[in-house]
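Trainee: Have a look at the structure that comes next, please.
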Amino acid sequence: MPVAANETRPRETLKDRALTLAKELGIARARDFDAAGVPRATLRRLQDQGLLVRMGRGLYQLADVESSASHSLAEAARAVPHGTICLLSALKFHSLTTQLPHQVWLLIGHKKWTPKNPPVSLRIIRATGEALTEGVEIHVIEQVEVPITNPAKTVADCFKYRSQIGLDVAIEALKDCIRTRRATADDLWRFAAIDRVQNVMRPYMEAIL
């Protein structure tokens, strides 16, 4: 009957719109659905139907998506869009460490907010100026654009925050970075200068090069 068709069509349209948005974004925020005109009631219904998974406060993903090894980085990037993956998490992404960080290390500005209930455990590092903005690459993980410090910046950051991650981790990362040619000596010196750790890195650089 025409009336029945009219009654069901909006629900099906909202469902399709929500699922399409989740597929396109990989990990979609509640505000993304709001902008697309999808009400929260539709999201709850799709969760009940097992089509959407709520990954954290305001974050959703298709239920049948196979997660990558870097899935937590995509989650962190969606939860904190102004953050940059750094230190141990960046080392792991660039294959410069064998350690498996239990938290996602995130670099953000001094006055930037952090979520109260993030979908993954975060370790927040704050910085300003070039130490925050330089050496950032964008990698697409599960269709999410994820800012990650490049190998040279990551190594310099490890020496800068050696009290938190351990000097041995920083030295090993430096050796692996040079051995695998993930960065040049000039790149490493540049970011050492930005992080103001030239004197700390110099003896290890001279011993390796």
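Letters A, B, ... go to the chains of the structure tokens in the order shown; residues in each chain start at 1; ligands are counted from 1 in the same order.
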Write down as an mmCIF file with N, CA and C atoms, in the first residue's frame the residues of region 27-180 of chain A whose backbone DSSP state falls under strand (DSSP E).

Mentor:
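Wrote states_6.cif, looks like this:
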data_model
loop_
_atom_site.group_PDB
_atom_site.id
_atom_site.type_symbol
_atom_site.label_atom_id
_atom_site.label_comp_id
_atom_site.auth_asym_id
_atom_site.auth_seq_id
_atom_site.Cartn_x
_atom_site.Cartn_y
_atom_site.Cartn_z
ATOM 1 N N ALA A 28 33.277 6.940 12.281
ATOM 2 C CA ALA A 28 32.477 8.163 12.184
ATOM 3 C C ALA A 28 32.139 8.706 13.566
ATOM 4 N N ARG A 29 32.144 10.019 13.669
ATOM 5 C CA ARG A 29 31.774 10.672 14.914
ATOM 6 C C ARG A 29 30.284 10.973 14.928
ATOM 7 N N LEU A 52 26.020 -1.454 13.521
ATOM 8 C CA LEU A 52 26.991 -0.451 13.949
ATOM 9 C C LEU A 52 27.538 -0.836 15.319
ATOM 10 N N VAL A 53 28.789 -0.471 15.558
ATOM 11 C CA VAL A 53 29.416 -0.694 16.863
ATOM 12 C C VAL A 53 29.829 0.658 17.430
ATOM 13 N N ARG A 54 29.424 0.919 18.664
ATOM 14 C CA ARG A 54 29.843 2.143 19.341
ATOM 15 C C ARG A 54 31.187 1.865 19.987
ATOM 16 N N MET A 55 32.221 2.562 19.495
ATOM 17 C CA MET A 55 33.584 2.268 19.911
ATOM 18 C C MET A 55 34.027 3.093 21.107
ATOM 19 N N GLY A 56 33.312 4.138 21.351
ATOM 20 C CA GLY A 56 33.660 5.036 22.436
ATOM 21 C C GLY A 56 32.650 6.157 22.425
ATOM 22 N N LEU A 59 31.753 7.747 18.903
ATOM 23 C CA LEU A 59 32.489 7.152 17.787
ATOM 24 C C LEU A 59 31.826 5.840 17.377
ATOM 25 N N TYR A 60 31.626 5.684 16.056
ATOM 26 C CA TYR A 60 30.922 4.503 15.546
ATOM 27 C C TYR A 60 31.667 3.911 14.351
ATOM 28 N N GLN A 61 31.493 2.593 14.191
ATOM 29 C CA GLN A 61 32.118 1.881 13.085
ATOM 30 C C GLN A 61 31.193 0.749 12.642
ATOM 31 N N LEU A 62 31.274 0.377 11.356
ATOM 32 C CA LEU A 62 30.511 -0.764 10.885
ATOM 33 C C LEU A 62 30.921 -2.013 11.657
ATOM 34 N N THR A 84 48.525 14.336 17.291
ATOM 35 C CA THR A 84 49.453 13.658 16.385
ATOM 36 C C THR A 84 50.028 12.432 17.085
ATOM 37 N N ILE A 85 49.972 11.286 16.440
ATOM 38 C CA ILE A 85 50.546 10.064 17.003
ATOM 39 C C ILE A 85 52.053 10.255 17.139
ATOM 40 N N VAL A 104 47.999 4.744 23.380
ATOM 41 C CA VAL A 104 48.331 5.501 22.182
ATOM 42 C C VAL A 104 48.951 6.822 22.637
ATOM 43 N N TRP A 105 50.197 7.040 22.232
ATOM 44 C CA TRP A 105 50.901 8.268 22.601
ATOM 45 C C TRP A 105 50.494 9.363 21.628
ATOM 46 N N LEU A 106 50.048 10.479 22.186
ATOM 47 C CA LEU A 106 49.470 11.540 21.368
ATOM 48 C C LEU A 106 50.081 12.887 21.727
ATOM 49 N N LEU A 107 50.541 13.600 20.712
ATOM 50 C CA LEU A 107 51.136 14.927 20.887
ATOM 51 C C LEU A 107 50.084 15.987 20.580
ATOM 52 N N ILE A 108 49.842 16.899 21.543
ATOM 53 C CA ILE A 108 48.852 17.961 21.335
ATOM 54 C C ILE A 108 49.382 19.275 21.897
ATOM 55 N N GLY A 109 48.703 20.356 21.552
ATOM 56 C CA GLY A 109 49.090 21.671 22.054
ATOM 57 C C GLY A 109 48.817 21.804 23.542
ATOM 58 N N LEU A 122 44.894 6.735 26.218
ATOM 59 C CA LEU A 122 45.798 7.724 25.620
ATOM 60 C C LEU A 122 46.882 8.141 26.603
ATOM 61 N N ARG A 123 48.067 8.385 26.069
ATOM 62 C CA ARG A 123 49.162 8.988 26.843
ATOM 63 C C ARG A 123 49.438 10.339 26.188
ATOM 64 N N ILE A 124 49.078 11.403 26.845
ATOM 65 C CA ILE A 124 49.137 12.739 26.261
ATOM 66 C C ILE A 124 50.493 13.406 26.516
ATOM 67 N N ILE A 125 51.084 13.920 25.438
ATOM 68 C CA ILE A 125 52.310 14.712 25.504
ATOM 69 C C ILE A 125 51.988 16.076 24.923
ATOM 70 N N ARG A 126 52.369 17.127 25.615
ATOM 71 C CA ARG A 126 52.038 18.479 25.147
ATOM 72 C C ARG A 126 53.292 19.209 24.666
ATOM 73 N N ALA A 127 53.108 20.015 23.627
ATOM 74 C CA ALA A 127 54.224 20.771 23.057
ATOM 75 C C ALA A 127 53.686 22.032 22.393
ATOM 76 N N VAL A 136 55.313 16.173 10.721
ATOM 77 C CA VAL A 136 54.053 15.422 10.807
ATOM 78 C C VAL A 136 53.647 14.921 9.424
ATOM 79 N N GLU A 137 53.393 13.626 9.330
ATOM 80 C CA GLU A 137 52.923 13.002 8.093
ATOM 81 C C GLU A 137 51.476 12.555 8.275
ATOM 82 N N ILE A 138 50.732 12.519 7.185
ATOM 83 C CA ILE A 138 49.361 12.018 7.231
ATOM 84 C C ILE A 138 49.315 10.629 6.602
ATOM 85 N N HIS A 139 48.873 9.651 7.373
ATOM 86 C CA HIS A 139 48.719 8.284 6.881
ATOM 87 C C HIS A 139 47.248 7.900 6.977
ATOM 88 N N VAL A 140 46.752 7.214 5.971
ATOM 89 C CA VAL A 140 45.354 6.781 5.974
ATOM 90 C C VAL A 140 45.274 5.371 6.551
ATOM 91 N N ILE A 141 44.573 5.257 7.674
ATOM 92 C CA ILE A 141 44.379 3.971 8.351
ATOM 93 C C ILE A 141 42.884 3.724 8.473
ATOM 94 N N VAL A 144 40.717 6.595 7.711
ATOM 95 C CA VAL A 144 40.850 7.759 8.587
ATOM 96 C C VAL A 144 42.221 8.387 8.366
ATOM 97 N N GLU A 145 42.264 9.704 8.190
ATOM 98 C CA GLU A 145 43.538 10.412 8.051
ATOM 99 C C GLU A 145 44.166 10.577 9.442
ATOM 100 N N VAL A 146 45.316 9.953 9.619
ATOM 101 C CA VAL A 146 45.963 9.925 10.930
ATOM 102 C C VAL A 146 47.304 10.655 10.883
ATOM 103 N N PRO A 147 47.454 11.767 11.615
ATOM 104 C CA PRO A 147 48.746 12.466 11.675
ATOM 105 C C PRO A 147 49.717 11.669 12.544
ATOM 106 N N ILE A 148 50.908 11.429 12.015
ATOM 107 C CA ILE A 148 51.926 10.669 12.733
ATOM 108 C C ILE A 148 53.272 11.352 12.540
ATOM 109 N N THR A 149 54.057 11.473 13.588
ATOM 110 C CA THR A 149 55.387 12.073 13.433
ATOM 111 C C THR A 149 56.239 11.170 12.546
#

Trainee: I'd like the contact shell of region 190-196 of chain A - 7 Å cut-off, only C-alpha atoms, skipping same-chain residues fewer than 2 positions apart - returned as a VMD selection string.

Mentor: chain A and resid 130 to 131 152 to 153 156 to 157 160 186 to 188 198

Trainee: Using N, CA and C atoms, can you write the selected residues to a file as a CSV table (one decimal), in the first residue's frame?

Mentor:
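Result file follows (result_13.csv):
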chain,number,residue,atom,x,y,z
A,130,GLU,N,57.3,24.7,16.7
A,130,GLU,CA,57.8,23.7,15.7
A,130,GLU,C,57.8,22.3,16.3
A,131,ALA,N,58.0,22.2,17.6
A,131,ALA,CA,58.1,20.9,18.3
A,131,ALA,C,56.7,20.2,18.2
A,152,ALA,N,62.3,10.6,11.7
A,152,ALA,CA,63.4,11.5,12.3
A,152,ALA,C,62.8,12.3,13.5
A,153,LYS,N,61.6,12.8,13.3
A,153,LYS,CA,61.0,13.6,14.4
A,153,LYS,C,60.7,12.6,15.6
A,156,ALA,N,63.9,12.0,17.5
A,156,ALA,CA,64.3,13.2,18.3
A,156,ALA,C,63.4,13.3,19.5
A,157,ASP,N,62.1,13.1,19.3
A,157,ASP,CA,61.1,13.1,20.4
A,157,ASP,C,61.5,12.1,21.5
A,160,LYS,N,64.1,13.6,23.6
A,160,LYS,CA,63.5,14.7,24.4
A,160,LYS,C,62.7,14.2,25.6
A,186,ASP,N,71.0,14.5,8.3
A,186,ASP,CA,70.6,15.8,8.2
A,186,ASP,C,69.2,16.0,8.8
A,187,ASP,N,68.3,15.0,8.5
A,187,ASP,CA,66.9,15.1,9.0
A,187,ASP,C,66.9,14.9,10.5
A,188,LEU,N,67.8,14.0,11.0
A,188,LEU,CA,67.8,13.8,12.5
A,188,LEU,C,68.4,15.0,13.2
A,198,GLN,N,70.3,18.4,20.7
A,198,GLN,CA,71.5,18.1,19.9
A,198,GLN,C,72.6,17.6,20.8

Trainee: Counting only C-alpha atoms, which residue out of A:Leu14, A:Arg44, A:Ala183, A:Gly58 sits closest to Ala30 (chain A)?

Mentor: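 Closest residue, counting only C-alpha atoms: A:Gly58.
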
Trainee: Work out how far CA of His110 (chain A) is from CA of Thr128 (chain A), in Å to one decimal.

Mentor: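 Computing the Euclidean distance for CA of Thr128 (chain A) and CA of His110 (chain A) yields 6.6 Å.
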
Trainee: So which one's closest to Lys175 (chain A), A:Arg31, A:Thr97, A:Gly129, A:Asn150? Using only C-alpha atoms, please.

Mentor: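 Of all the options, A:Thr97 lies closest to Lys175 (chain A).
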
Trainee: As a VMD selection string, please: every residue in region 54-108 of chain A that a backbone DSSP assignment puts in helix (DSSP H, G or I).

Mentor: chain A and resid 71 to 79 87 to 93

Trainee: Give me, please, the distance in Å between CA of Trp189 (chain A) and CA of Pro81 (chain A), quoted to one decimal.

Mentor: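 These atoms are spaced 28.7 Å apart.
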